[in-house]
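The data block below is model11.cif; it holds mmCIF, N, CA and C atoms and all ligand atoms.
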```
data_entry
#
loop_
_atom_site.label_atom_id
_atom_site.label_comp_id
_atom_site.auth_asym_id
_atom_site.auth_seq_id
_atom_site.Cartn_x
_atom_site.Cartn_y
_atom_site.Cartn_z
N MET A 29 8.11 182.43 151.22
CA MET A 29 6.82 182.09 151.85
C MET A 29 5.67 182.26 150.87
N LYS A 30 5.67 183.41 150.16
CA LYS A 30 4.59 183.66 149.20
C LYS A 30 4.58 182.59 148.11
N ASN A 31 5.76 182.14 147.69
CA ASN A 31 5.84 181.11 146.66
C ASN A 31 5.25 179.79 147.14
N ILE A 32 5.52 179.45 148.40
CA ILE A 32 4.98 178.21 148.97
C ILE A 32 3.46 178.29 149.01
N ILE A 33 2.95 179.41 149.48
CA ILE A 33 1.50 179.59 149.57
C ILE A 33 0.87 179.59 148.18
N GLN A 34 1.52 180.26 147.23
CA GLN A 34 1.01 180.29 145.85
C GLN A 34 0.97 178.88 145.27
N ASN A 35 1.99 178.09 145.56
CA ASN A 35 2.05 176.71 145.07
C ASN A 35 0.91 175.86 145.66
N ILE A 36 0.66 176.01 146.95
CA ILE A 36 -0.45 175.29 147.59
C ILE A 36 -1.77 175.70 146.96
N LEU A 37 -1.94 177.01 146.76
CA LEU A 37 -3.17 177.52 146.16
C LEU A 37 -3.37 176.98 144.76
N GLU A 38 -2.33 176.99 143.95
CA GLU A 38 -2.44 176.49 142.58
C GLU A 38 -2.76 174.99 142.55
N THR A 39 -2.14 174.23 143.44
CA THR A 39 -2.41 172.79 143.54
C THR A 39 -3.87 172.55 143.94
N HIS A 40 -4.35 173.36 144.89
CA HIS A 40 -5.75 173.22 145.32
C HIS A 40 -6.71 173.62 144.20
N LYS A 41 -6.38 174.69 143.48
CA LYS A 41 -7.23 175.12 142.37
C LYS A 41 -7.29 174.03 141.29
N GLN A 42 -6.15 173.43 141.00
CA GLN A 42 -6.09 172.35 140.01
C GLN A 42 -6.95 171.17 140.47
N PHE A 43 -6.85 170.84 141.74
CA PHE A 43 -7.65 169.75 142.34
C PHE A 43 -9.14 170.00 142.13
N THR A 44 -9.58 171.23 142.37
CA THR A 44 -11.01 171.53 142.23
C THR A 44 -11.43 171.60 140.77
N LEU A 45 -10.55 172.17 139.92
CA LEU A 45 -10.86 172.25 138.48
C LEU A 45 -11.05 170.87 137.86
N GLU A 46 -10.15 169.95 138.20
CA GLU A 46 -10.21 168.60 137.63
C GLU A 46 -11.50 167.87 138.00
N ARG A 47 -12.10 168.28 139.10
CA ARG A 47 -13.31 167.61 139.59
C ARG A 47 -14.59 168.42 139.30
N ASN A 48 -14.43 169.53 138.58
CA ASN A 48 -15.55 170.45 138.30
C ASN A 48 -16.18 171.00 139.58
N TRP A 49 -15.37 171.20 140.58
CA TRP A 49 -15.87 171.74 141.84
C TRP A 49 -15.71 173.26 141.90
N ASP A 50 -14.94 173.81 140.96
CA ASP A 50 -14.63 175.24 141.03
C ASP A 50 -15.88 176.11 140.96
N ARG A 51 -16.91 175.64 140.25
CA ARG A 51 -18.14 176.43 140.12
C ARG A 51 -18.84 176.63 141.46
N PHE A 52 -18.54 175.74 142.40
CA PHE A 52 -19.17 175.85 143.73
C PHE A 52 -18.34 176.71 144.70
N GLN A 53 -17.15 177.07 144.28
CA GLN A 53 -16.26 177.79 145.19
C GLN A 53 -16.51 179.30 145.10
N THR A 54 -17.71 179.67 145.52
CA THR A 54 -18.10 181.08 145.57
C THR A 54 -17.72 181.62 146.95
N PRO A 55 -17.65 182.95 147.08
CA PRO A 55 -17.32 183.51 148.40
C PRO A 55 -18.27 183.02 149.49
N LYS A 56 -19.57 182.96 149.19
CA LYS A 56 -20.53 182.49 150.19
C LYS A 56 -20.23 181.06 150.61
N ASN A 57 -20.10 180.17 149.63
CA ASN A 57 -19.86 178.76 149.96
C ASN A 57 -18.52 178.55 150.66
N LEU A 58 -17.51 179.27 150.21
CA LEU A 58 -16.19 179.11 150.82
C LEU A 58 -16.17 179.63 152.25
N SER A 59 -16.87 180.74 152.50
CA SER A 59 -16.91 181.25 153.88
C SER A 59 -17.64 180.28 154.79
N MET A 60 -18.69 179.65 154.26
CA MET A 60 -19.42 178.65 155.05
C MET A 60 -18.56 177.41 155.28
N ALA A 61 -17.86 176.97 154.26
CA ALA A 61 -16.99 175.80 154.39
C ALA A 61 -15.89 176.07 155.42
N LEU A 62 -15.38 177.28 155.41
CA LEU A 62 -14.34 177.67 156.37
C LEU A 62 -14.87 177.56 157.80
N SER A 63 -16.09 178.03 157.99
CA SER A 63 -16.71 177.95 159.31
C SER A 63 -16.96 176.51 159.74
N VAL A 64 -17.39 175.68 158.80
CA VAL A 64 -17.63 174.26 159.09
C VAL A 64 -16.33 173.58 159.51
N GLU A 65 -15.25 173.88 158.80
CA GLU A 65 -13.96 173.27 159.14
C GLU A 65 -13.47 173.75 160.51
N ALA A 66 -13.71 175.02 160.82
CA ALA A 66 -13.34 175.54 162.15
C ALA A 66 -14.14 174.81 163.22
N SER A 67 -15.40 174.52 162.91
CA SER A 67 -16.23 173.77 163.86
C SER A 67 -15.72 172.34 164.03
N GLU A 68 -15.27 171.76 162.94
CA GLU A 68 -14.71 170.40 163.04
C GLU A 68 -13.46 170.40 163.92
N LEU A 69 -12.69 171.46 163.86
CA LEU A 69 -11.52 171.59 164.74
C LEU A 69 -11.97 171.70 166.20
N MET A 70 -12.98 172.54 166.42
CA MET A 70 -13.48 172.71 167.79
C MET A 70 -14.06 171.41 168.34
N GLU A 71 -14.65 170.60 167.46
CA GLU A 71 -15.24 169.33 167.90
C GLU A 71 -14.19 168.43 168.56
N ILE A 72 -12.95 168.52 168.10
CA ILE A 72 -11.87 167.71 168.69
C ILE A 72 -11.68 168.08 170.17
N PHE A 73 -11.87 169.36 170.48
CA PHE A 73 -11.65 169.85 171.85
C PHE A 73 -12.90 169.80 172.72
N MET A 74 -14.05 169.57 172.05
CA MET A 74 -15.31 169.59 172.77
C MET A 74 -15.32 168.54 173.90
N TRP A 75 -15.73 168.96 175.06
CA TRP A 75 -15.88 168.14 176.26
C TRP A 75 -14.55 167.80 176.93
N LEU A 76 -13.44 168.28 176.38
CA LEU A 76 -12.16 168.05 177.06
C LEU A 76 -11.98 169.12 178.13
N ASN A 77 -11.35 168.74 179.24
CA ASN A 77 -11.01 169.77 180.22
C ASN A 77 -9.73 170.47 179.75
N GLU A 78 -9.32 171.51 180.47
CA GLU A 78 -8.17 172.32 180.04
C GLU A 78 -6.90 171.46 179.89
N LYS A 79 -6.69 170.58 180.86
CA LYS A 79 -5.49 169.74 180.81
C LYS A 79 -5.52 168.80 179.60
N GLN A 80 -6.66 168.17 179.36
CA GLN A 80 -6.78 167.26 178.22
C GLN A 80 -6.60 168.02 176.90
N ALA A 81 -7.16 169.23 176.84
CA ALA A 81 -7.06 170.03 175.62
C ALA A 81 -5.62 170.46 175.34
N ASN A 82 -4.83 170.59 176.40
CA ASN A 82 -3.42 171.00 176.25
C ASN A 82 -2.49 169.83 176.00
N THR A 83 -3.01 168.61 176.11
CA THR A 83 -2.17 167.43 175.93
C THR A 83 -2.89 166.40 175.06
N LEU A 84 -3.17 166.80 173.83
CA LEU A 84 -3.88 165.91 172.90
C LEU A 84 -3.04 164.66 172.64
N ASN A 85 -3.72 163.53 172.49
CA ASN A 85 -3.00 162.31 172.12
C ASN A 85 -2.69 162.32 170.62
N GLU A 86 -1.97 161.32 170.16
CA GLU A 86 -1.53 161.29 168.76
C GLU A 86 -2.71 161.32 167.78
N GLN A 87 -3.73 160.56 168.09
CA GLN A 87 -4.92 160.52 167.21
C GLN A 87 -5.60 161.88 167.15
N GLN A 88 -5.72 162.52 168.31
CA GLN A 88 -6.35 163.85 168.36
C GLN A 88 -5.50 164.88 167.62
N LEU A 89 -4.18 164.78 167.78
CA LEU A 89 -3.28 165.72 167.08
C LEU A 89 -3.36 165.55 165.57
N ASN A 90 -3.44 164.30 165.13
CA ASN A 90 -3.58 164.05 163.69
C ASN A 90 -4.90 164.62 163.16
N ALA A 91 -5.95 164.44 163.93
CA ALA A 91 -7.26 164.98 163.53
C ALA A 91 -7.19 166.51 163.49
N ALA A 92 -6.56 167.12 164.50
CA ALA A 92 -6.44 168.58 164.53
C ALA A 92 -5.62 169.07 163.34
N SER A 93 -4.57 168.34 163.01
CA SER A 93 -3.71 168.70 161.87
C SER A 93 -4.52 168.73 160.57
N GLU A 94 -5.37 167.74 160.38
CA GLU A 94 -6.19 167.68 159.16
C GLU A 94 -7.19 168.83 159.11
N GLU A 95 -7.81 169.13 160.24
CA GLU A 95 -8.79 170.22 160.24
C GLU A 95 -8.12 171.58 160.02
N ILE A 96 -6.95 171.76 160.61
CA ILE A 96 -6.21 173.01 160.42
C ILE A 96 -5.83 173.17 158.94
N ALA A 97 -5.45 172.07 158.31
CA ALA A 97 -5.12 172.12 156.88
C ALA A 97 -6.37 172.46 156.06
N ASP A 98 -7.51 171.87 156.42
CA ASP A 98 -8.77 172.20 155.72
C ASP A 98 -9.06 173.70 155.85
N ILE A 99 -8.90 174.22 157.06
CA ILE A 99 -9.15 175.64 157.31
C ILE A 99 -8.22 176.49 156.45
N PHE A 100 -6.95 176.12 156.41
CA PHE A 100 -5.96 176.87 155.64
C PHE A 100 -6.32 176.87 154.16
N LEU A 101 -6.69 175.71 153.64
CA LEU A 101 -7.03 175.62 152.22
C LEU A 101 -8.24 176.48 151.87
N TYR A 102 -9.28 176.42 152.70
CA TYR A 102 -10.47 177.24 152.41
C TYR A 102 -10.17 178.73 152.58
N LEU A 103 -9.33 179.06 153.55
CA LEU A 103 -8.96 180.46 153.75
C LEU A 103 -8.18 180.98 152.54
N LEU A 104 -7.25 180.17 152.08
CA LEU A 104 -6.47 180.55 150.89
C LEU A 104 -7.39 180.75 149.68
N ARG A 105 -8.28 179.80 149.48
CA ARG A 105 -9.16 179.84 148.30
C ARG A 105 -10.14 181.01 148.38
N LEU A 106 -10.68 181.24 149.58
CA LEU A 106 -11.60 182.37 149.76
C LEU A 106 -10.87 183.69 149.48
N SER A 107 -9.68 183.82 149.99
CA SER A 107 -8.90 185.04 149.75
C SER A 107 -8.67 185.22 148.26
N ASP A 108 -8.33 184.13 147.59
CA ASP A 108 -8.05 184.18 146.15
C ASP A 108 -9.30 184.59 145.37
N VAL A 109 -10.42 183.97 145.68
CA VAL A 109 -11.67 184.27 144.97
C VAL A 109 -12.07 185.74 145.17
N LEU A 110 -11.78 186.27 146.37
CA LEU A 110 -12.12 187.67 146.65
C LEU A 110 -11.05 188.64 146.17
N GLY A 111 -9.94 188.10 145.66
CA GLY A 111 -8.86 188.97 145.18
C GLY A 111 -8.08 189.61 146.32
N ILE A 112 -8.07 188.94 147.47
CA ILE A 112 -7.35 189.47 148.63
C ILE A 112 -5.99 188.77 148.74
N ASP A 113 -4.93 189.56 148.86
CA ASP A 113 -3.61 189.00 149.10
C ASP A 113 -3.53 188.67 150.59
N LEU A 114 -3.59 187.38 150.90
CA LEU A 114 -3.69 186.93 152.30
C LEU A 114 -2.50 187.38 153.13
N ILE A 115 -1.31 187.29 152.56
CA ILE A 115 -0.10 187.69 153.31
C ILE A 115 -0.12 189.18 153.57
N ASP A 116 -0.43 189.96 152.55
CA ASP A 116 -0.48 191.41 152.69
C ASP A 116 -1.57 191.82 153.69
N ALA A 117 -2.74 191.20 153.57
CA ALA A 117 -3.85 191.52 154.49
C ALA A 117 -3.48 191.16 155.93
N THR A 118 -2.75 190.06 156.10
CA THR A 118 -2.35 189.64 157.44
C THR A 118 -1.36 190.63 158.05
N HIS A 119 -0.40 191.06 157.24
CA HIS A 119 0.56 192.06 157.74
C HIS A 119 -0.16 193.35 158.14
N LYS A 120 -1.09 193.78 157.29
CA LYS A 120 -1.83 195.02 157.59
C LYS A 120 -2.62 194.87 158.88
N LYS A 121 -3.25 193.70 159.07
CA LYS A 121 -4.06 193.48 160.28
C LYS A 121 -3.18 193.42 161.52
N MET A 122 -2.00 192.79 161.39
CA MET A 122 -1.09 192.74 162.53
C MET A 122 -0.64 194.15 162.90
N ASP A 123 -0.34 194.98 161.90
CA ASP A 123 0.05 196.38 162.18
C ASP A 123 -1.09 197.11 162.89
N LYS A 124 -2.31 196.86 162.43
CA LYS A 124 -3.48 197.50 163.04
C LYS A 124 -3.64 197.06 164.50
N ASN A 125 -3.44 195.76 164.74
CA ASN A 125 -3.54 195.24 166.12
C ASN A 125 -2.47 195.84 167.02
N ILE A 126 -1.25 195.97 166.49
CA ILE A 126 -0.16 196.56 167.27
C ILE A 126 -0.49 198.00 167.65
N GLU A 127 -1.09 198.71 166.68
CA GLU A 127 -1.47 200.10 166.94
C GLU A 127 -2.62 200.18 167.95
N LYS A 128 -3.56 199.26 167.83
CA LYS A 128 -4.75 199.27 168.70
C LYS A 128 -4.41 198.84 170.12
N TYR A 129 -3.54 197.85 170.24
CA TYR A 129 -3.20 197.30 171.56
C TYR A 129 -1.73 197.53 171.87
N SER A 130 -1.44 198.63 172.55
CA SER A 130 -0.07 198.85 173.00
C SER A 130 0.28 197.72 173.97
N VAL A 131 1.58 197.53 174.23
CA VAL A 131 1.99 196.50 175.18
C VAL A 131 1.32 196.76 176.53
N GLU A 132 1.32 198.01 176.93
CA GLU A 132 0.70 198.39 178.22
C GLU A 132 -0.78 198.03 178.25
N LYS A 133 -1.49 198.40 177.21
CA LYS A 133 -2.93 198.12 177.14
C LYS A 133 -3.18 196.61 177.09
N GLY A 134 -2.37 195.91 176.31
CA GLY A 134 -2.52 194.46 176.18
C GLY A 134 -2.30 193.75 177.51
N ARG A 135 -1.28 194.19 178.24
CA ARG A 135 -1.00 193.57 179.54
C ARG A 135 -2.11 193.87 180.54
N ALA A 136 -2.67 195.07 180.47
CA ALA A 136 -3.78 195.42 181.36
C ALA A 136 -4.99 194.53 181.07
N LEU A 137 -5.25 194.29 179.80
CA LEU A 137 -6.37 193.42 179.41
C LEU A 137 -6.12 192.00 179.90
N ALA A 138 -4.87 191.54 179.81
CA ALA A 138 -4.53 190.19 180.28
C ALA A 138 -4.76 190.08 181.79
N GLU A 139 -4.40 191.11 182.52
CA GLU A 139 -4.62 191.11 183.97
C GLU A 139 -6.10 191.06 184.30
N GLU A 140 -6.90 191.84 183.55
CA GLU A 140 -8.35 191.83 183.75
C GLU A 140 -8.90 190.42 183.52
N LEU A 141 -8.42 189.78 182.47
CA LEU A 141 -8.89 188.43 182.14
C LEU A 141 -8.51 187.44 183.23
N ILE A 142 -7.28 187.52 183.71
CA ILE A 142 -6.83 186.62 184.76
C ILE A 142 -7.68 186.78 186.01
N ASN A 143 -8.06 188.01 186.29
CA ASN A 143 -8.87 188.27 187.49
C ASN A 143 -10.29 187.74 187.37
N THR A 144 -10.73 187.45 186.14
CA THR A 144 -12.08 186.91 185.97
C THR A 144 -12.08 185.38 186.05
N LEU A 145 -10.90 184.77 186.00
CA LEU A 145 -10.84 183.30 186.01
C LEU A 145 -10.88 182.75 187.42
MG MG B 201 -12.48 168.76 157.80
#
```

Output the structure of this file as structure tokens.
Amino acid sequence: MKNIIQNILETHKQFTLERNWDRFQTPKNLSMALSVEASELMEIFMWLNEKQANTLNEQQLNAASEEIADIFLYLLRLSDVLGIDLIDATHKKMDKNIEKYSVEKGRALAEELINTL
């Protein structure tokens, strides 16, 4: 998995280097680009009801796929620029979430949420 991610990152870095875009890939700009791409993903779902959002058509799914890829690329690049090992950081965060939310606590929160709907 790490090799696949490293390969994607290197290909993306090469893409930006060849175009002289690397100078713009600062943590600030990359974090903003990441947010913009997340917004582009949300735009696909905007104004859809719950049923429509759960059953995207082929065109909508293709659009979502592209935005998710954009998000992934910016997330990878931002992590790289900041010197953060994305896989390691993700494992650590998952461990932290497991510690913070026991199964019992998580289920109680889910019940609370269901009762508000
Ligand atoms: Mg996009």

Residues contacting ligand MG 201 (chain B) - anything with an atom at most 6.5 Å away, using all atoms listed in the file - can you give me those as a CSV table (one decimal) with N, CA and C atoms, keeping the file's coordinate frame?
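Generated file (out20.csv):
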```csv
chain,number,residue,atom,x,y,z
A,64,VAL,N,-17.4,175.7,158.8
A,64,VAL,CA,-17.6,174.3,159.1
A,64,VAL,C,-16.3,173.6,159.5
A,65,GLU,N,-15.2,173.9,158.8
A,65,GLU,CA,-14.0,173.3,159.1
A,65,GLU,C,-13.5,173.8,160.5
A,68,GLU,N,-15.3,171.8,162.9
A,68,GLU,CA,-14.7,170.4,163.0
A,68,GLU,C,-13.5,170.4,163.9
A,94,GLU,N,-5.4,167.7,160.4
A,94,GLU,CA,-6.2,167.7,159.2
A,94,GLU,C,-7.2,168.8,159.1
A,95,GLU,N,-7.8,169.1,160.2
A,95,GLU,CA,-8.8,170.2,160.2
A,95,GLU,C,-8.1,171.6,160.0
A,98,ASP,N,-7.5,171.9,156.4
A,98,ASP,CA,-8.8,172.2,155.7
A,98,ASP,C,-9.1,173.7,155.8
```

Residues flagged helix (DSSP H, G or I) by DSSP in chain A, as a count of residues only: 98

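Here atom C of Leu62 in chain A is placed at a distance of 11.5 Å from atom C of Leu104 in chain A.
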
Between CA of Lys120 in chain A and CA of Met70 in chain A - distance in Å to one decimal: 27.2 Å

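For the choices A:Leu69, A:Met74, A:Leu101, A:Ala138, the atom-to-atom distance to Thr39 in chain A is smallest for A:Leu101 when using only C-alpha atoms.
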
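Among A:Ala117, A:Arg105, A:Asn85, A:Tyr129, the residue with the shortest atom-to-atom distance to Gln53 in chain A, counting all atoms listed in the file, is A:Arg105.
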
Between atom N of Ser59 in chain A and CA of Ile99 in chain A, distance in Å (one decimal): 10.4 Å

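Comparing the minimum interatomic distances between Ala97 in chain A and each of A:Leu137, A:Asn125, A:Leu45, A:Ala66, counting only C-alpha atoms, we find that A:Ala66 sits nearest.
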
For range 69-91 of chain A, which lacks atoms in the input, supply N, CA, C and O atoms and format the output as a PDB file, keeping the file's coordinate frame.
```
ATOM      1  N   LEU A  69     -12.690 171.460 163.860  1.00  0.00           N
ATOM      2  CA  LEU A  69     -11.520 171.590 164.740  1.00  0.00           C
ATOM      3  C   LEU A  69     -11.970 171.700 166.200  1.00  0.00           C
ATOM      4  O   LEU A  69     -11.433 171.033 167.090  1.00  0.00           O
ATOM      5  N   MET A  70     -12.980 172.540 166.420  1.00  0.00           N
ATOM      6  CA  MET A  70     -13.480 172.710 167.790  1.00  0.00           C
ATOM      7  C   MET A  70     -14.060 171.410 168.340  1.00  0.00           C
ATOM      8  O   MET A  70     -13.967 171.145 169.549  1.00  0.00           O
ATOM      9  N   GLU A  71     -14.650 170.600 167.460  1.00  0.00           N
ATOM     10  CA  GLU A  71     -15.240 169.330 167.900  1.00  0.00           C
ATOM     11  C   GLU A  71     -14.190 168.430 168.560  1.00  0.00           C
ATOM     12  O   GLU A  71     -14.500 167.678 169.490  1.00  0.00           O
ATOM     13  N   ILE A  72     -12.950 168.520 168.100  1.00  0.00           N
ATOM     14  CA  ILE A  72     -11.870 167.710 168.690  1.00  0.00           C
ATOM     15  C   ILE A  72     -11.680 168.080 170.170  1.00  0.00           C
ATOM     16  O   ILE A  72     -11.385 167.219 170.995  1.00  0.00           O
ATOM     17  N   PHE A  73     -11.870 169.360 170.480  1.00  0.00           N
ATOM     18  CA  PHE A  73     -11.650 169.850 171.850  1.00  0.00           C
ATOM     19  C   PHE A  73     -12.900 169.800 172.720  1.00  0.00           C
ATOM     20  O   PHE A  73     -12.815 169.967 173.935  1.00  0.00           O
ATOM     21  N   MET A  74     -14.050 169.570 172.050  1.00  0.00           N
ATOM     22  CA  MET A  74     -15.310 169.590 172.770  1.00  0.00           C
ATOM     23  C   MET A  74     -15.320 168.540 173.900  1.00  0.00           C
ATOM     24  O   MET A  74     -14.922 167.401 173.686  1.00  0.00           O
ATOM     25  N   TRP A  75     -15.730 168.960 175.060  1.00  0.00           N
ATOM     26  CA  TRP A  75     -15.880 168.140 176.260  1.00  0.00           C
ATOM     27  C   TRP A  75     -14.550 167.800 176.930  1.00  0.00           C
ATOM     28  O   TRP A  75     -14.533 167.088 177.926  1.00  0.00           O
ATOM     29  N   LEU A  76     -13.440 168.280 176.380  1.00  0.00           N
ATOM     30  CA  LEU A  76     -12.160 168.050 177.060  1.00  0.00           C
ATOM     31  C   LEU A  76     -11.980 169.120 178.130  1.00  0.00           C
ATOM     32  O   LEU A  76     -12.383 170.263 177.944  1.00  0.00           O
ATOM     33  N   ASN A  77     -11.350 168.740 179.240  1.00  0.00           N
ATOM     34  CA  ASN A  77     -11.010 169.770 180.220  1.00  0.00           C
ATOM     35  C   ASN A  77      -9.730 170.470 179.750  1.00  0.00           C
ATOM     36  O   ASN A  77      -9.128 170.067 178.745  1.00  0.00           O
ATOM     37  N   GLU A  78      -9.320 171.510 180.470  1.00  0.00           N
ATOM     38  CA  GLU A  78      -8.170 172.320 180.040  1.00  0.00           C
ATOM     39  C   GLU A  78      -6.900 171.460 179.890  1.00  0.00           C
ATOM     40  O   GLU A  78      -6.166 171.601 178.910  1.00  0.00           O
ATOM     41  N   LYS A  79      -6.690 170.580 180.860  1.00  0.00           N
ATOM     42  CA  LYS A  79      -5.490 169.740 180.810  1.00  0.00           C
ATOM     43  C   LYS A  79      -5.520 168.800 179.600  1.00  0.00           C
ATOM     44  O   LYS A  79      -4.527 168.653 178.890  1.00  0.00           O
ATOM     45  N   GLN A  80      -6.660 168.170 179.360  1.00  0.00           N
ATOM     46  CA  GLN A  80      -6.780 167.260 178.220  1.00  0.00           C
ATOM     47  C   GLN A  80      -6.600 168.020 176.900  1.00  0.00           C
ATOM     48  O   GLN A  80      -5.971 167.508 175.970  1.00  0.00           O
ATOM     49  N   ALA A  81      -7.160 169.230 176.840  1.00  0.00           N
ATOM     50  CA  ALA A  81      -7.060 170.030 175.620  1.00  0.00           C
ATOM     51  C   ALA A  81      -5.620 170.460 175.340  1.00  0.00           C
ATOM     52  O   ALA A  81      -5.243 170.693 174.189  1.00  0.00           O
ATOM     53  N   ASN A  82      -4.830 170.590 176.400  1.00  0.00           N
ATOM     54  CA  ASN A  82      -3.420 171.000 176.250  1.00  0.00           C
ATOM     55  C   ASN A  82      -2.490 169.830 176.000  1.00  0.00           C
ATOM     56  O   ASN A  82      -1.305 170.029 175.717  1.00  0.00           O
ATOM     57  N   THR A  83      -3.010 168.610 176.110  1.00  0.00           N
ATOM     58  CA  THR A  83      -2.170 167.430 175.930  1.00  0.00           C
ATOM     59  C   THR A  83      -2.890 166.400 175.060  1.00  0.00           C
ATOM     60  O   THR A  83      -3.185 165.286 175.511  1.00  0.00           O
ATOM     61  N   LEU A  84      -3.170 166.800 173.830  1.00  0.00           N
ATOM     62  CA  LEU A  84      -3.880 165.910 172.900  1.00  0.00           C
ATOM     63  C   LEU A  84      -3.040 164.660 172.640  1.00  0.00           C
ATOM     64  O   LEU A  84      -1.807 164.730 172.576  1.00  0.00           O
ATOM     65  N   ASN A  85      -3.720 163.530 172.490  1.00  0.00           N
ATOM     66  CA  ASN A  85      -3.000 162.310 172.120  1.00  0.00           C
ATOM     67  C   ASN A  85      -2.690 162.320 170.620  1.00  0.00           C
ATOM     68  O   ASN A  85      -3.122 163.229 169.894  1.00  0.00           O
ATOM     69  N   GLU A  86      -1.970 161.320 170.160  1.00  0.00           N
ATOM     70  CA  GLU A  86      -1.530 161.290 168.760  1.00  0.00           C
ATOM     71  C   GLU A  86      -2.710 161.320 167.780  1.00  0.00           C
ATOM     72  O   GLU A  86      -2.688 162.035 166.777  1.00  0.00           O
ATOM     73  N   GLN A  87      -3.730 160.560 168.090  1.00  0.00           N
ATOM     74  CA  GLN A  87      -4.920 160.520 167.210  1.00  0.00           C
ATOM     75  C   GLN A  87      -5.600 161.880 167.150  1.00  0.00           C
ATOM     76  O   GLN A  87      -6.000 162.349 166.079  1.00  0.00           O
ATOM     77  N   GLN A  88      -5.720 162.520 168.310  1.00  0.00           N
ATOM     78  CA  GLN A  88      -6.350 163.850 168.360  1.00  0.00           C
ATOM     79  C   GLN A  88      -5.500 164.880 167.620  1.00  0.00           C
ATOM     80  O   GLN A  88      -6.030 165.748 166.923  1.00  0.00           O
ATOM     81  N   LEU A  89      -4.180 164.780 167.780  1.00  0.00           N
ATOM     82  CA  LEU A  89      -3.280 165.720 167.080  1.00  0.00           C
ATOM     83  C   LEU A  89      -3.360 165.550 165.570  1.00  0.00           C
ATOM     84  O   LEU A  89      -3.360 166.532 164.819  1.00  0.00           O
ATOM     85  N   ASN A  90      -3.440 164.300 165.130  1.00  0.00           N
ATOM     86  CA  ASN A  90      -3.580 164.050 163.690  1.00  0.00           C
ATOM     87  C   ASN A  90      -4.900 164.620 163.160  1.00  0.00           C
ATOM     88  O   ASN A  90      -4.931 165.218 162.085  1.00  0.00           O
ATOM     89  N   ALA A  91      -5.950 164.440 163.930  1.00  0.00           N
ATOM     90  CA  ALA A  91      -7.260 164.980 163.530  1.00  0.00           C
ATOM     91  C   ALA A  91      -7.190 166.510 163.490  1.00  0.00           C
ATOM     92  O   ALA A  91      -7.695 167.135 162.533  1.00  0.00           O
TER      93      ALA A  91
END
```
